[in-house]
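Next up, entry_35.pdb (PDB, C-alpha atoms and all ligand atoms):
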ATOM      1  CA  MET L  14     225.199 -38.125 -54.893
ATOM      2  CA  PRO L  15     226.328 -35.107 -52.832
ATOM      3  CA  LYS L  16     225.378 -35.207 -49.153
ATOM      4  CA  HIS L  17     223.157 -32.096 -49.354
ATOM      5  CA  PHE L  18     220.819 -30.475 -51.901
ATOM      6  CA  LEU L  19     221.911 -26.841 -51.893
ATOM      7  CA  HIS L  20     222.515 -25.887 -55.537
ATOM      8  CA  ILE L  21     221.623 -27.509 -58.848
ATOM      9  CA  THR L  22     225.270 -27.099 -59.866
ATOM     10  CA  ASP L  23     226.383 -29.469 -57.073
ATOM     11  CA  TYR L  24     224.916 -32.256 -59.245
ATOM     12  CA  SER L  25     225.980 -33.705 -62.574
ATOM     13  CA  LYS L  26     223.677 -33.738 -65.570
ATOM     14  CA  ASP L  27     223.159 -37.498 -65.098
ATOM     15  CA  GLN L  28     222.347 -37.093 -61.408
ATOM     16  CA  LEU L  29     219.781 -34.407 -62.235
ATOM     17  CA  TRP L  30     218.166 -36.674 -64.825
ATOM     18  CA  ASP L  31     218.129 -39.531 -62.282
ATOM     19  CA  ILE L  32     216.267 -37.283 -59.822
ATOM     20  CA  LEU L  33     213.725 -36.301 -62.493
ATOM     21  CA  GLN L  34     213.206 -39.949 -63.451
ATOM     22  CA  LEU L  35     212.786 -40.931 -59.802
ATOM     23  CA  ALA L  36     210.302 -38.076 -59.330
ATOM     24  CA  ILE L  37     208.143 -39.531 -62.132
ATOM     25  CA  GLU L  38     208.255 -42.976 -60.476
ATOM     26  CA  ILE L  39     207.445 -41.637 -57.003
ATOM     27  CA  LYS L  40     204.649 -39.462 -58.420
ATOM     28  CA  THR L  41     203.015 -42.584 -59.911
ATOM     29  CA  LYS L  42     203.239 -44.326 -56.543
ATOM     30  CA  PHE L  43     201.736 -41.293 -54.785
ATOM     31  CA  LYS L  44     198.852 -41.079 -57.265
ATOM     32  CA  LYS L  45     197.991 -44.707 -56.439
ATOM     33  CA  ARG L  46     198.645 -44.034 -52.732
ATOM     34  CA  GLU L  47     200.986 -47.021 -52.773
ATOM     35  CA  ASP L  48     202.613 -48.133 -49.588
ATOM     36  CA  TYR L  49     206.029 -46.528 -50.052
ATOM     37  CA  LYS L  50     207.858 -45.825 -46.836
ATOM     38  CA  PRO L  51     211.590 -45.168 -47.330
ATOM     39  CA  PHE L  52     211.521 -42.752 -44.374
ATOM     40  CA  ARG L  53     209.867 -45.059 -41.835
ATOM     41  CA  ASN L  54     210.926 -44.067 -38.302
ATOM     42  CA  GLN L  55     212.767 -41.016 -39.623
ATOM     43  CA  SER L  56     212.188 -37.342 -38.979
ATOM     44  CA  LEU L  57     212.600 -34.199 -41.063
ATOM     45  CA  ALA L  58     213.156 -30.838 -39.345
ATOM     46  CA  MET L  59     211.737 -27.993 -41.459
ATOM     47  CA  ILE L  60     213.271 -24.650 -40.473
ATOM     48  CA  PHE L  61     211.450 -21.617 -41.873
ATOM     49  CA  ALA L  62     212.853 -18.114 -41.399
ATOM     50  CA  LYS L  63     210.406 -16.846 -44.079
ATOM     51  CA  PRO L  64     206.723 -17.582 -44.812
ATOM     52  CA  SER L  65     205.620 -20.427 -47.098
ATOM     53  CA  ALA L  66     202.595 -22.315 -48.388
ATOM     54  CA  ARG L  67     203.882 -24.742 -51.043
ATOM     55  CA  THR L  68     207.245 -25.544 -49.484
ATOM     56  CA  ARG L  69     205.862 -26.260 -46.058
ATOM     57  CA  ILE L  70     202.855 -28.255 -47.263
ATOM     58  CA  SER L  71     204.703 -30.256 -49.924
ATOM     59  CA  PHE L  72     207.631 -31.236 -47.705
ATOM     60  CA  GLU L  73     205.423 -32.142 -44.765
ATOM     61  CA  THR L  74     202.904 -34.076 -46.852
ATOM     62  CA  GLY L  75     205.576 -35.832 -48.900
ATOM     63  CA  PHE L  76     207.736 -36.849 -45.961
ATOM     64  CA  THR L  77     204.719 -38.041 -43.971
ATOM     65  CA  TRP L  78     203.389 -40.083 -46.902
ATOM     66  CA  MET L  79     206.852 -41.675 -47.243
ATOM     67  CA  GLY L  80     206.580 -42.953 -43.676
ATOM     68  CA  GLY L  81     208.371 -40.261 -41.688
ATOM     69  CA  HIS L  82     207.528 -37.448 -39.324
ATOM     70  CA  ALA L  83     208.030 -33.808 -40.366
ATOM     71  CA  LEU L  84     208.500 -31.108 -37.785
ATOM     72  CA  TYR L  85     207.596 -27.477 -38.601
ATOM     73  CA  LEU L  86     209.792 -24.822 -37.001
ATOM     74  CA  GLY L  87     208.542 -21.349 -37.891
ATOM     75  CA  PRO L  88     210.223 -17.946 -37.901
ATOM     76  CA  ASN L  89     209.608 -17.466 -34.166
ATOM     77  CA  ASP L  90     210.777 -20.917 -33.055
ATOM     78  CA  ILE L  91     214.516 -21.097 -33.682
ATOM     79  CA  GLY L  92     215.721 -17.612 -34.576
ATOM     80  CA  ILE L  93     218.540 -19.125 -36.629
ATOM     81  CA  GLY L  94     221.561 -16.817 -36.631
ATOM     82  CA  LYS L  95     219.814 -14.470 -34.192
ATOM     83  CA  ARG L  96     218.891 -16.356 -31.020
ATOM     84  CA  GLU L  97     221.536 -18.976 -31.680
ATOM     85  CA  ALA L  98     224.521 -19.441 -33.991
ATOM     86  CA  VAL L  99     223.822 -21.316 -37.228
ATOM     87  CA  LYS L 100     226.601 -23.827 -36.545
ATOM     88  CA  ASP L 101     225.150 -24.626 -33.105
ATOM     89  CA  ILE L 102     221.638 -25.132 -34.492
ATOM     90  CA  ALA L 103     223.080 -27.390 -37.217
ATOM     91  CA  ARG L 104     224.643 -29.747 -34.714
ATOM     92  CA  VAL L 105     221.695 -29.753 -32.319
ATOM     93  CA  VAL L 106     218.974 -30.290 -34.942
ATOM     94  CA  SER L 107     220.926 -32.956 -36.827
ATOM     95  CA  ARG L 108     221.327 -34.999 -33.645
ATOM     96  CA  TYR L 109     217.544 -35.325 -33.411
ATOM     97  CA  ASN L 110     216.600 -35.434 -37.094
ATOM     98  CA  ASP L 111     217.568 -37.567 -40.090
ATOM     99  CA  MET L 112     217.156 -34.699 -42.553
ATOM    100  CA  ILE L 113     216.824 -30.911 -42.446
ATOM    101  CA  MET L 114     214.933 -28.688 -44.871
ATOM    102  CA  ALA L 115     215.584 -24.981 -44.405
ATOM    103  CA  ARG L 116     214.217 -21.750 -45.864
ATOM    104  CA  LEU L 117     216.528 -18.916 -44.840
ATOM    105  CA  PHE L 118     217.316 -15.335 -45.778
ATOM    106  CA  SER L 119     221.101 -15.632 -45.946
ATOM    107  CA  HIS L 120     222.637 -18.091 -48.390
ATOM    108  CA  ASP L 121     225.831 -18.098 -46.305
ATOM    109  CA  HIS L 122     223.744 -19.385 -43.402
ATOM    110  CA  MET L 123     222.483 -22.235 -45.612
ATOM    111  CA  ILE L 124     226.069 -23.192 -46.476
ATOM    112  CA  GLU L 125     227.071 -23.028 -42.810
ATOM    113  CA  LEU L 126     224.055 -25.095 -41.749
ATOM    114  CA  ALA L 127     225.047 -27.818 -44.205
ATOM    115  CA  ALA L 128     228.725 -27.664 -43.263
ATOM    116  CA  TYR L 129     227.979 -28.358 -39.596
ATOM    117  CA  SER L 130     224.997 -30.718 -39.989
ATOM    118  CA  ASP L 131     225.488 -34.476 -39.696
ATOM    119  CA  SER L 132     222.204 -34.962 -41.578
ATOM    120  CA  PRO L 133     221.520 -34.018 -45.207
ATOM    121  CA  VAL L 134     220.277 -30.440 -45.683
ATOM    122  CA  VAL L 135     217.781 -29.499 -48.424
ATOM    123  CA  ASN L 136     217.658 -25.845 -49.483
ATOM    124  CA  GLY L 137     214.022 -24.684 -49.480
ATOM    125  CA  LEU L 138     214.946 -21.154 -50.718
ATOM    126  CA  THR L 139     217.385 -18.452 -49.746
ATOM    127  CA  ASP L 140     217.792 -14.874 -50.963
ATOM    128  CA  TYR L 141     220.157 -16.373 -53.557
ATOM    129  CA  ASN L 142     218.422 -19.468 -54.965
ATOM    130  CA  HIS L 143     215.499 -21.933 -54.936
ATOM    131  CA  PRO L 144     216.744 -25.241 -56.373
ATOM    132  CA  CYS L 145     213.738 -27.413 -55.370
ATOM    133  CA  GLN L 146     211.472 -25.082 -57.324
ATOM    134  CA  ILE L 147     213.497 -25.350 -60.506
ATOM    135  CA  MET L 148     213.634 -29.173 -60.290
ATOM    136  CA  ALA L 149     209.822 -29.126 -60.065
ATOM    137  CA  ASP L 150     209.721 -26.714 -63.011
ATOM    138  CA  ALA L 151     211.915 -28.984 -65.144
ATOM    139  CA  LEU L 152     209.690 -31.962 -64.260
ATOM    140  CA  THR L 153     206.569 -29.988 -65.237
ATOM    141  CA  ILE L 154     207.984 -28.902 -68.593
ATOM    142  CA  LEU L 155     209.125 -32.477 -69.243
ATOM    143  CA  GLU L 156     205.585 -33.750 -68.603
ATOM    144  CA  HIS L 157     203.960 -31.138 -70.821
ATOM    145  CA  ARG L 158     206.445 -31.219 -73.724
ATOM    146  CA  GLY L 159     207.673 -34.816 -73.436
ATOM    147  CA  ASN L 160     211.304 -33.606 -73.481
ATOM    148  CA  LEU L 161     213.533 -30.682 -72.561
ATOM    149  CA  ASP L 162     215.136 -30.437 -76.003
ATOM    150  CA  GLU L 163     215.831 -27.074 -77.626
ATOM    151  CA  LEU L 164     213.966 -25.302 -74.901
ATOM    152  CA  LYS L 165     213.655 -21.530 -74.901
ATOM    153  CA  VAL L 166     212.617 -20.131 -71.536
ATOM    154  CA  THR L 167     211.922 -16.412 -71.211
ATOM    155  CA  TYR L 168     211.805 -15.151 -67.659
ATOM    156  CA  MET L 169     210.069 -11.786 -67.215
ATOM    157  CA  GLY L 170     210.862  -9.660 -64.177
ATOM    158  CA  ASP L 171     213.401  -9.458 -61.373
ATOM    159  CA  GLY L 172     216.738 -11.310 -61.705
ATOM    160  CA  ASN L 173     216.170 -13.031 -58.350
ATOM    161  CA  ASN L 174     216.617 -16.386 -56.555
ATOM    162  CA  ILE L 175     214.396 -18.171 -59.094
ATOM    163  CA  VAL L 176     216.537 -16.890 -61.976
ATOM    164  CA  HIS L 177     219.746 -17.976 -60.244
ATOM    165  CA  SER L 178     218.484 -21.552 -59.983
ATOM    166  CA  TRP L 179     217.336 -21.462 -63.615
ATOM    167  CA  LEU L 180     220.817 -20.288 -64.602
ATOM    168  CA  GLN L 181     222.362 -23.108 -62.593
ATOM    169  CA  LEU L 182     220.127 -25.602 -64.409
ATOM    170  CA  ALA L 183     221.158 -23.998 -67.698
ATOM    171  CA  SER L 184     224.776 -24.691 -66.853
ATOM    172  CA  LYS L 185     223.915 -28.416 -66.674
ATOM    173  CA  LEU L 186     221.148 -28.935 -69.266
ATOM    174  CA  PRO L 187     221.121 -27.213 -72.670
ATOM    175  CA  MET L 188     218.576 -24.452 -73.215
ATOM    176  CA  HIS L 189     218.233 -20.866 -74.339
ATOM    177  CA  PHE L 190     217.385 -18.739 -71.306
ATOM    178  CA  VAL L 191     216.391 -15.082 -71.544
ATOM    179  CA  CYS L 192     216.026 -12.863 -68.488
ATOM    180  CA  CYS L 193     213.987  -9.795 -69.410
ATOM    181  CA  GLY L 194     213.444  -6.955 -66.952
ATOM    182  CA  PRO L 195     214.299  -3.337 -66.211
ATOM    183  CA  GLU L 196     217.901  -2.191 -66.052
ATOM    184  CA  GLY L 197     219.437  -2.583 -62.615
ATOM    185  CA  PHE L 198     217.576  -5.838 -61.799
ATOM    186  CA  GLU L 199     219.787  -8.318 -63.640
ATOM    187  CA  PRO L 200     220.857 -11.618 -62.026
ATOM    188  CA  ASP L 201     224.129 -12.077 -60.153
ATOM    189  CA  ASP L 202     227.228 -11.784 -62.419
ATOM    190  CA  LYS L 203     228.991 -14.872 -61.052
ATOM    191  CA  THR L 204     225.943 -17.033 -61.736
ATOM    192  CA  VAL L 205     225.656 -15.647 -65.261
ATOM    193  CA  LYS L 206     229.325 -16.502 -65.738
ATOM    194  CA  MET L 207     228.621 -20.093 -64.641
ATOM    195  CA  VAL L 208     226.316 -20.511 -67.649
ATOM    196  CA  GLU L 209     228.781 -18.845 -69.987
ATOM    197  CA  ASP L 210     231.702 -20.964 -68.705
ATOM    198  CA  SER L 211     229.675 -24.178 -68.989
ATOM    199  CA  GLY L 212     229.332 -23.667 -72.750
ATOM    200  CA  ILE L 213     226.144 -25.758 -72.517
ATOM    201  CA  SER L 214     223.409 -23.165 -72.849
ATOM    202  CA  THR L 215     222.939 -19.716 -74.264
ATOM    203  CA  PHE L 216     221.885 -16.854 -72.026
ATOM    204  CA  GLU L 217     220.642 -13.399 -72.822
ATOM    205  CA  ILE L 218     219.737 -10.349 -70.772
ATOM    206  CA  SER L 219     216.987  -8.307 -72.373
ATOM    207  CA  HIS L 220     215.106  -5.117 -71.601
ATOM    208  CA  ASN L 221     212.737  -5.604 -74.527
ATOM    209  CA  PRO L 222     209.718  -7.890 -73.836
ATOM    210  CA  ALA L 223     208.644  -8.164 -77.504
ATOM    211  CA  SER L 224     211.929  -9.609 -78.735
ATOM    212  CA  ALA L 225     212.606 -11.552 -75.506
ATOM    213  CA  VAL L 226     209.475 -13.697 -75.841
ATOM    214  CA  ASP L 227     209.804 -14.357 -79.580
ATOM    215  CA  GLY L 228     209.757 -18.147 -80.084
ATOM    216  CA  ALA L 229     209.610 -18.875 -76.329
ATOM    217  CA  ASP L 230     208.434 -22.343 -75.273
ATOM    218  CA  VAL L 231     207.892 -21.094 -71.743
ATOM    219  CA  ILE L 232     207.257 -17.639 -70.320
ATOM    220  CA  TYR L 233     208.012 -17.635 -66.608
ATOM    221  CA  THR L 234     207.561 -14.899 -64.055
ATOM    222  CA  ASP L 235     207.796 -14.291 -60.317
ATOM    223  CA  VAL L 236     206.908 -11.484 -57.936
ATOM    224  CA  TRP L 237     208.672  -8.173 -58.538
ATOM    225  CA  ALA L 238     209.521  -7.825 -54.837
ATOM    226  CA  SER L 239     210.617 -11.030 -53.106
ATOM    227  CA  MET L 240     210.267 -11.913 -49.435
ATOM    228  CA  GLY L 241     212.463  -9.458 -47.551
ATOM    229  CA  GLN L 242     211.901  -6.731 -50.203
ATOM    230  CA  LYS L 243     208.172  -6.118 -49.745
ATOM    231  CA  ASP L 244     208.809  -2.516 -48.585
ATOM    232  CA  GLU L 245     210.070  -1.841 -52.139
ATOM    233  CA  ALA L 246     206.912  -3.272 -53.766
ATOM    234  CA  GLU L 247     205.271   0.060 -54.596
ATOM    235  CA  GLU L 248     208.390   1.556 -56.148
ATOM    236  CA  ARG L 249     209.118  -1.631 -58.083
ATOM    237  CA  GLU L 250     205.559  -1.703 -59.429
ATOM    238  CA  LYS L 251     206.357   1.414 -61.452
ATOM    239  CA  LEU L 252     209.779   0.218 -62.626
ATOM    240  CA  PHE L 253     208.499  -3.219 -63.719
ATOM    241  CA  ALA L 254     205.154  -2.124 -65.218
ATOM    242  CA  ASP L 255     206.250  -2.799 -68.826
ATOM    243  CA  TYR L 256     207.284  -6.355 -67.960
ATOM    244  CA  GLN L 257     203.900  -7.748 -66.921
ATOM    245  CA  VAL L 258     202.939 -11.085 -68.467
ATOM    246  CA  ASN L 259     199.535 -10.461 -70.014
ATOM    247  CA  GLU L 260     197.468 -12.049 -72.785
ATOM    248  CA  ALA L 261     198.952  -9.783 -75.467
ATOM    249  CA  LEU L 262     202.497 -10.837 -74.531
ATOM    250  CA  MET L 263     201.525 -14.535 -74.397
ATOM    251  CA  ALA L 264     199.916 -14.204 -77.869
ATOM    252  CA  SER L 265     202.982 -12.531 -79.385
ATOM    253  CA  THR L 266     205.491 -15.414 -79.195
ATOM    254  CA  GLY L 267     204.662 -16.940 -82.564
ATOM    255  CA  LYS L 268     204.151 -20.419 -81.083
ATOM    256  CA  ASP L 269     202.233 -22.334 -78.390
ATOM    257  CA  THR L 270     203.838 -21.060 -75.232
ATOM    258  CA  LEU L 271     203.351 -22.364 -71.703
ATOM    259  CA  PHE L 272     203.027 -19.964 -68.783
ATOM    260  CA  MET L 273     204.773 -20.750 -65.487
ATOM    261  CA  HIS L 274     205.084 -19.022 -62.106
ATOM    262  CA  CYS L 275     206.626 -20.419 -58.926
ATOM    263  CA  LEU L 276     203.761 -18.831 -56.918
ATOM    264  CA  PRO L 277     202.622 -17.050 -54.840
ATOM    265  CA  ALA L 278     201.480 -14.734 -57.656
ATOM    266  CA  GLU L 279     200.486 -11.123 -57.203
ATOM    267  CA  ARG L 280     197.746 -11.055 -59.835
ATOM    268  CA  GLY L 281     197.522  -7.715 -61.651
ATOM    269  CA  ARG L 282     201.201  -7.006 -61.010
ATOM    270  CA  GLU L 283     203.699  -9.409 -62.637
ATOM    271  CA  VAL L 284     200.911 -11.482 -64.204
ATOM    272  CA  ALA L 285     197.420 -10.684 -65.468
ATOM    273  CA  ASP L 286     194.561 -12.640 -63.961
ATOM    274  CA  GLU L 287     193.552 -14.036 -67.395
ATOM    275  CA  VAL L 288     197.020 -15.498 -67.931
ATOM    276  CA  MET L 289     196.926 -17.343 -64.603
ATOM    277  CA  GLU L 290     193.563 -18.863 -65.610
ATOM    278  CA  ALA L 291     194.353 -19.565 -69.279
ATOM    279  CA  PRO L 292     194.627 -23.128 -70.689
ATOM    280  CA  TYR L 293     198.344 -22.552 -71.371
ATOM    281  CA  SER L 294     198.966 -21.780 -67.680
ATOM    282  CA  ILE L 295     200.554 -24.792 -65.964
ATOM    283  CA  VAL L 296     201.132 -23.112 -62.606
ATOM    284  CA  PHE L 297     199.141 -25.634 -60.575
ATOM    285  CA  ASP L 298     200.834 -28.656 -62.171
ATOM    286  CA  GLU L 299     204.056 -26.868 -61.326
ATOM    287  CA  ALA L 300     202.993 -26.373 -57.699
ATOM    288  CA  GLU L 301     201.942 -30.027 -57.448
ATOM    289  CA  ASN L 302     205.287 -31.168 -58.794
ATOM    290  CA  ARG L 303     207.101 -29.444 -55.956
ATOM    291  CA  MET L 304     206.164 -32.413 -53.793
ATOM    292  CA  HIS L 305     207.126 -35.106 -56.300
ATOM    293  CA  ALA L 306     210.456 -33.473 -57.184
ATOM    294  CA  GLN L 307     211.318 -32.962 -53.527
ATOM    295  CA  ASN L 308     210.360 -36.513 -52.605
ATOM    296  CA  ALA L 309     212.839 -37.683 -55.252
ATOM    297  CA  ILE L 310     215.500 -35.294 -53.958
ATOM    298  CA  MET L 311     215.063 -36.586 -50.398
ATOM    299  CA  VAL L 312     215.083 -40.237 -51.468
ATOM    300  CA  SER L 313     218.254 -39.600 -53.500
ATOM    301  CA  LEU L 314     219.936 -38.146 -50.402
ATOM    302  CA  LEU L 315     219.172 -41.363 -48.512
ATOM    303  CA  LYS L 316     221.380 -43.445 -50.788
TER
HETATM  304  N1  LIG N   1     207.010 -21.458 -54.658
HETATM  305  C1  LIG N   1     207.191 -21.477 -53.323
HETATM  306  O1  LIG N   1     208.276 -21.767 -52.802
HETATM  307  O2  LIG N   1     206.067 -21.205 -52.600
HETATM  308  P1  LIG N   1     206.008 -20.895 -51.032
HETATM  309  O3  LIG N   1     206.791 -19.631 -50.799
HETATM  310  O4  LIG N   1     204.552 -20.743 -50.719
HETATM  311  O5  LIG N   1     206.634 -22.050 -50.301
HETATM  312  N1  LIG N   2     211.341 -14.779 -55.436
HETATM  313  C1  LIG N   2     210.303 -15.184 -54.498
HETATM  314  C2  LIG N   2     210.044 -16.644 -54.635
HETATM  315  C3  LIG N   2     208.956 -17.180 -53.739
HETATM  316  C4  LIG N   2     208.765 -18.652 -53.870
HETATM  317  C5  LIG N   2     210.716 -14.823 -53.087
HETATM  318  O1  LIG N   2     211.889 -15.066 -52.755
HETATM  319  O2  LIG N   2     209.905 -14.291 -52.353
END
Using structure tokens, write down the structure from this file.
Ligand code: CP
Ligand code: NVA
Amino acid sequence: MPKHFLHITDYSKDQLWDILQLAIEIKTKFKKREDYKPFRNQSLAMIFAKPSARTRISFETGFTWMGGHALYLGPNDIGIGKREAVKDIARVVSRYNDMIMARLFSHDHMIELAAYSDSPVVNGLTDYNHPCQIMADALTILEHRGNLDELKVTYMGDGNNIVHSWLQLASKLPMHFVCCGPEGFEPDDKTVKMVEDSGISTFEISHNPASAVDGADVIYTDVWASMGQKDEAEEREKLFADYQVNEALMASTGKDTLFMHCLPAERGREVADEVMEAPYSIVFDEAENRMHAQNAIMVSLLK
């Protein structure tokens, strides 16, 4: 296993499957509240430069249940890259802590943090990607469908950090992935090329919701303006209006389609309220699985 968990593409297909399998095992233990303490006497530093509900709660709860102590460091505590150089923080924090989870703006800072840290670093989101989320998503689809075979995922909206991690998964596990949104909001070219070069999955950029969702097993969306872009929210609302996931879109796929969202959702913008509440919406299973997937990621990094 690599030392850090920064990108899905740092892992082989077999390693990714091992993590998913381990997540299922650890989830069963958690459900029974078994005594499972691989992190006894260990500590996890959680560095947050951006806000969070799921990431903070799931890492802290998971690490604590597994016998360790998790330390929350919020946006005003460290000032990573502002008050102090990233490479200095990396060496200081990793002398106290056995593992670091970080949510940062700059992806380059994440890479630098890992390069200088003696302890494993887990990427809890950057402007570029969100690998823990997509591992939880894969686990959730696996539970609901029983397999990940011949999967068509249609992502509606901004070609953002969530899409980049989906594309990285698509370069390891076969699927058909469609990213459908307005022109000018496509995902990063180099990441698209990773999927193309892998020859494992097919990828399509679409500006047409009706054809994009045809035959989709999963329709996925995320906010139109990510953290750090909220001042563009009003303008984006107009540009993205035709790409909302609503009941009519969900009903137009020609098959039973699951709805997913990494959350937090802005109901009435990227997703209609009824879709969030519909029986085909698996957003809360998805949120729950953040913890189980991450527990497996952290345990894998111990080995
Ligand atoms: N999905 C996700 O990462 O949620 P938070 O931003 O609340 O952590
Ligand atoms: N794209 C969103 C994901 C939040 C989990 C953001 O970066 O704000």
### Message
Counting all atoms listed in the file, what are the residues, protein, DNA or RNA alike, that approach ligand LIG 1 (chain N) to within 6 Å? I want them as an MDAnalysis selection string.
### Response
chainID L and resid 65:68 275:277
#### Entry: Selection result for the PyMOL selection byres (((not hetatm)) within 8 of (chain N and resi 2)) on this file, as a PyMOL selection string
chain L and resi 65+138-140+143+146+173-175+235-241+275-277
### Query
Between L:Val226, L:Ser219, L:Ile310, L:Arg158, which one has atoms that come closest to Met14 (chain L), using all atoms listed in the file?
L:Ile310
Evaluate the PyMOL selection byres (((chain L and resi 104) around 12) and not hetatm) against this structure - the residues, as an mmCIF file with C-alpha atoms, in the coordinates of the input, please.
data_model
loop_
_atom_site.group_PDB
_atom_site.id
_atom_site.type_symbol
_atom_site.label_atom_id
_atom_site.label_comp_id
_atom_site.auth_asym_id
_atom_site.auth_seq_id
_atom_site.Cartn_x
_atom_site.Cartn_y
_atom_site.Cartn_z
ATOM 1 C CA GLU L 97 221.536 -18.976 -31.680
ATOM 2 C CA ALA L 98 224.521 -19.441 -33.991
ATOM 3 C CA VAL L 99 223.822 -21.316 -37.228
ATOM 4 C CA LYS L 100 226.601 -23.827 -36.545
ATOM 5 C CA ASP L 101 225.150 -24.626 -33.105
ATOM 6 C CA ILE L 102 221.638 -25.132 -34.492
ATOM 7 C CA ALA L 103 223.080 -27.390 -37.217
ATOM 8 C CA VAL L 105 221.695 -29.753 -32.319
ATOM 9 C CA VAL L 106 218.974 -30.290 -34.942
ATOM 10 C CA SER L 107 220.926 -32.956 -36.827
ATOM 11 C CA ARG L 108 221.327 -34.999 -33.645
ATOM 12 C CA TYR L 109 217.544 -35.325 -33.411
ATOM 13 C CA ASN L 110 216.600 -35.434 -37.094
ATOM 14 C CA ASP L 111 217.568 -37.567 -40.090
ATOM 15 C CA MET L 112 217.156 -34.699 -42.553
ATOM 16 C CA ILE L 113 216.824 -30.911 -42.446
ATOM 17 C CA GLU L 125 227.071 -23.028 -42.810
ATOM 18 C CA LEU L 126 224.055 -25.095 -41.749
ATOM 19 C CA ALA L 127 225.047 -27.818 -44.205
ATOM 20 C CA ALA L 128 228.725 -27.664 -43.263
ATOM 21 C CA TYR L 129 227.979 -28.358 -39.596
ATOM 22 C CA SER L 130 224.997 -30.718 -39.989
ATOM 23 C CA ASP L 131 225.488 -34.476 -39.696
ATOM 24 C CA SER L 132 222.204 -34.962 -41.578
ATOM 25 C CA PRO L 133 221.520 -34.018 -45.207
ATOM 26 C CA VAL L 134 220.277 -30.440 -45.683
#
### Message
To one decimal place in Å, what is the distance between CA of Met169 (chain L) and CA of Tyr24 (chain L)?
### Response
26.5 Å
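Closest approach to Pro144 (chain L) among L:Thr22, L:Thr74, L:Asn302, L:Thr167: L:Thr22, based on all atoms listed in the file.
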### Task
Output the residue selection produced by the PyMOL selection byres (((chain L and resi 232-234) around 10) and not hetatm) on the file above, formatted as an NGL selection string.
:L and (150 or 165-171 or 175-176 or 191-193 or 225-226 or 229-231 or 235-237 or 256-258 or 262-263 or 266 or 270-276 or 278 or 283-284 or 294 or 296)
### Within 6 Å of His305 (chain L) using all atoms listed in the file, minus same-chain residues under 3 positions, as an MDAnalysis selection string
chainID L and resid 36 40 302 308
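You will find CA of Lys251 (chain L) at 18.8 Å from CA of Ala223 (chain L).
As for CA of Ile91 (chain L) and CA of Met79 (chain L), they are spaced 25.8 Å apart.
Minimum distance to Leu29 (chain L) across L:Gly197, L:Glu163, L:Ser313, L:Ala246 (counting all atoms listed in the file) occurs at L:Ser313.
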### Task
Taking (222.2, -21.8, -72.3) in the file's own coordinates, collect the residues within 10 Å, counting only C-alpha atoms, and hand them back as a PyMOL selection string.
chain L and resi 163-166+179-191+205+208-209+211-217
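Comparing L:Glu247, L:Asp286, L:Pro64, L:Gln242 by their smallest distance to Glu260 (chain L), the closest is L:Asp286 (using only C-alpha atoms).
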#### Entry: From L:His82, L:Ser71, L:Asp121, L:Lys63, residue lying nearest Lys50 (chain L) [all atoms listed in the file]
L:His82
From the block you just saw, export region 246-257 of chain L: N, CA and C atoms, as a PDB file, in the first residue's frame.
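Result written to out.pdb:
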ATOM      1  N   ALA L 246     -22.049  31.956  -6.630  1.00  0.00           N
ATOM      2  CA  ALA L 246     -23.243  31.099  -6.563  1.00  0.00           C
ATOM      3  C   ALA L 246     -24.415  31.655  -7.365  1.00  0.00           C
ATOM      4  N   GLU L 247     -24.660  32.958  -7.228  1.00  0.00           N
ATOM      5  CA  GLU L 247     -25.818  33.560  -7.901  1.00  0.00           C
ATOM      6  C   GLU L 247     -25.689  33.475  -9.424  1.00  0.00           C
ATOM      7  N   GLU L 248     -24.501  33.811  -9.906  1.00  0.00           N
ATOM      8  CA  GLU L 248     -24.262  33.782 -11.351  1.00  0.00           C
ATOM      9  C   GLU L 248     -24.353  32.341 -11.874  1.00  0.00           C
ATOM     10  N   ARG L 249     -23.784  31.420 -11.116  1.00  0.00           N
ATOM     11  CA  ARG L 249     -23.805  30.016 -11.533  1.00  0.00           C
ATOM     12  C   ARG L 249     -25.223  29.455 -11.536  1.00  0.00           C
ATOM     13  N   GLU L 250     -26.067  29.955 -10.645  1.00  0.00           N
ATOM     14  CA  GLU L 250     -27.444  29.462 -10.568  1.00  0.00           C
ATOM     15  C   GLU L 250     -28.136  29.625 -11.925  1.00  0.00           C
ATOM     16  N   LYS L 251     -27.844  30.712 -12.588  1.00  0.00           N
ATOM     17  CA  LYS L 251     -28.464  30.944 -13.915  1.00  0.00           C
ATOM     18  C   LYS L 251     -27.841  30.002 -14.952  1.00  0.00           C
ATOM     19  N   LEU L 252     -26.527  29.892 -14.935  1.00  0.00           N
ATOM     20  CA  LEU L 252     -25.834  29.085 -15.951  1.00  0.00           C
ATOM     21  C   LEU L 252     -26.162  27.589 -15.843  1.00  0.00           C
ATOM     22  N   PHE L 253     -26.416  27.125 -14.601  1.00  0.00           N
ATOM     23  CA  PHE L 253     -26.621  25.691 -14.369  1.00  0.00           C
ATOM     24  C   PHE L 253     -28.103  25.297 -14.296  1.00  0.00           C
ATOM     25  N   ALA L 254     -29.003  26.281 -14.456  1.00  0.00           N
ATOM     26  CA  ALA L 254     -30.428  26.023 -14.190  1.00  0.00           C
ATOM     27  C   ALA L 254     -30.981  24.798 -14.937  1.00  0.00           C
ATOM     28  N   ASP L 255     -30.507  24.570 -16.165  1.00  0.00           N
ATOM     29  CA  ASP L 255     -31.047  23.446 -16.956  1.00  0.00           C
ATOM     30  C   ASP L 255     -30.499  22.092 -16.502  1.00  0.00           C
ATOM     31  N   TYR L 256     -29.588  22.112 -15.555  1.00  0.00           N
ATOM     32  CA  TYR L 256     -28.917  20.854 -15.164  1.00  0.00           C
ATOM     33  C   TYR L 256     -29.362  20.368 -13.783  1.00  0.00           C
ATOM     34  N   GLN L 257     -30.466  20.910 -13.284  1.00  0.00           N
ATOM     35  CA  GLN L 257     -30.965  20.461 -11.983  1.00  0.00           C
ATOM     36  C   GLN L 257     -31.441  19.002 -12.061  1.00  0.00           C
TER      37      GLN L 257
END
